[in-house]
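Undergrad: Once you've had a glance at the structure underneath, I'll fire off some questions.
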Amino acid sequence: MMEYIDNIPIYLQIKDILYRKIISNQYELGSQLPSVRQLAVQFSANSNTVQKSLKEMTEEDVVIPQRGKGNFVTEDTGIVEKLKTHIVTEMFDATYDKLHSLNMNDTEIMNSFNNYVKQREVNHEQGIGN
């Protein structure tokens with residue numbers, strides 16, 4: 001069962017999940033997406049909601065519909081790279097704003113992030129969880 005965030009429309013959350021699956025190559029470039037009905041079951045959502053997500057993704061050229069065959073992921077790596085950059089920027093924007101609200105300056109934020117990455121690498125090498 002999917003857990004949705006109340007204040008964000010479900011179709012946008014489904015789009016975000018599909019974007020992440022495309023960027024992470026769970027849905028490879030040029031591959032066929034599951035049917036609207038299959039996605040609706042997977043996301044525990046109404047098929048009209050899923051269709052709205054796919055419609056927007058089609059308008060963005062991320063998804064290419066083929067009449068009678070279904071929906072396919074774009075083969076354009078440039079579109080997927082732009083999508084990845086957009087999502088990463090959104091994540092950084094939110095984190096940056098939160099850290100600034102703690103009265104951290106840019107140097108402190110950079111130092112904290114560098115230390116965080118180094119600690120993650122050490123933990124990974126030692127087999128410690130995320």
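To be explicit about the labels: the chains of the structure tokens are called A, B, and onward in the order shown, and within each one the residues are counted from 1, while ligands get numbers from 1 in the order they are shown.
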Excluding same-chain residues fewer than 4 positions from stretch 52-55 of chain A, what lies within 8 Å of it counting only C-alpha atoms, as an MDAnalysis selection string?
TA: chainID A and resid 11:12 14:15 48 59 63
Undergrad: Only N, CA and C atoms, please: the residues just picked out, written as an mmCIF file, in the first residue's frame.
TA:
```
data_model
loop_
_atom_site.group_PDB
_atom_site.id
_atom_site.type_symbol
_atom_site.label_atom_id
_atom_site.label_comp_id
_atom_site.auth_asym_id
_atom_site.auth_seq_id
_atom_site.Cartn_x
_atom_site.Cartn_y
_atom_site.Cartn_z
ATOM 1 N N TYR A 11 -1.313 12.503 -8.141
ATOM 2 C CA TYR A 11 -0.748 12.318 -9.486
ATOM 3 C C TYR A 11 0.683 12.865 -9.568
ATOM 4 N N LEU A 12 0.985 13.921 -8.814
ATOM 5 C CA LEU A 12 2.354 14.468 -8.799
ATOM 6 C C LEU A 12 3.302 13.513 -8.073
ATOM 7 N N ILE A 14 2.923 10.269 -7.932
ATOM 8 C CA ILE A 14 3.128 9.138 -8.847
ATOM 9 C C ILE A 14 4.142 9.516 -9.921
ATOM 10 N N LYS A 15 4.026 10.733 -10.470
ATOM 11 C CA LYS A 15 4.999 11.219 -11.459
ATOM 12 C C LYS A 15 6.407 11.177 -10.881
ATOM 13 N N ASN A 48 -7.565 6.938 -13.427
ATOM 14 C CA ASN A 48 -7.603 8.312 -13.961
ATOM 15 C C ASN A 48 -6.459 9.152 -13.398
ATOM 16 N N GLU A 59 3.510 15.098 -22.168
ATOM 17 C CA GLU A 59 3.688 16.499 -22.578
ATOM 18 C C GLU A 59 5.130 16.956 -22.369
ATOM 19 N N VAL A 63 7.626 10.386 -21.496
ATOM 20 C CA VAL A 63 6.911 9.180 -21.888
ATOM 21 C C VAL A 63 6.399 9.374 -23.315
#
```
Undergrad: Please provide the set of residues having any atom within 12 Å of A:Gly78, restricted to only C-alpha atoms, with same-chain residues fewer than 6 positions apart removed, written as a ChimeraX atom specification.
TA: /A:23,29,61-62,84-85
Undergrad: May I ask which of the residues A:Glu75, A:Ile87, A:His100, A:Gln126 is the closest one to A:Asn25, counting only C-alpha atoms?
TA: A:Glu75
Undergrad: Check the DSSP output for the backbone and give back, as a list of chain:residue names, the residues of stretch 10-126 of chain A in strand (DSSP E or B).
TA: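 Strand (DSSP E or B) assignments inside stretch 10-126 of chain A correspond to A:Gln32, A:Val63, A:Ile64, A:Pro65, A:Gln66, A:Gly70, A:Asn71, A:Phe72, A:Val73.
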Undergrad: Let me make sure I understand: among A:Ala45, A:Leu18, A:Val73, A:Leu39, which one has the smallest atom-to-atom distance to A:Met2 if we use only C-alpha atoms?
TA: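 Closest candidate: A:Ala45.
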Undergrad: Hey, which of A:Ile128, A:Ser35, A:Val50, A:Gly30 ends up closest to A:Ile17? Count only C-alpha atoms.
TA: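 Selected residue with least distance to A:Ile17: A:Val50.
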Undergrad: Considering only C-alpha atoms, can you say which of A:Pro65, A:Ser44, A:Arg37, A:Thr74 comes closest to A:Tyr19?
TA: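 The answer is A:Thr74, which sits nearest to A:Tyr19.
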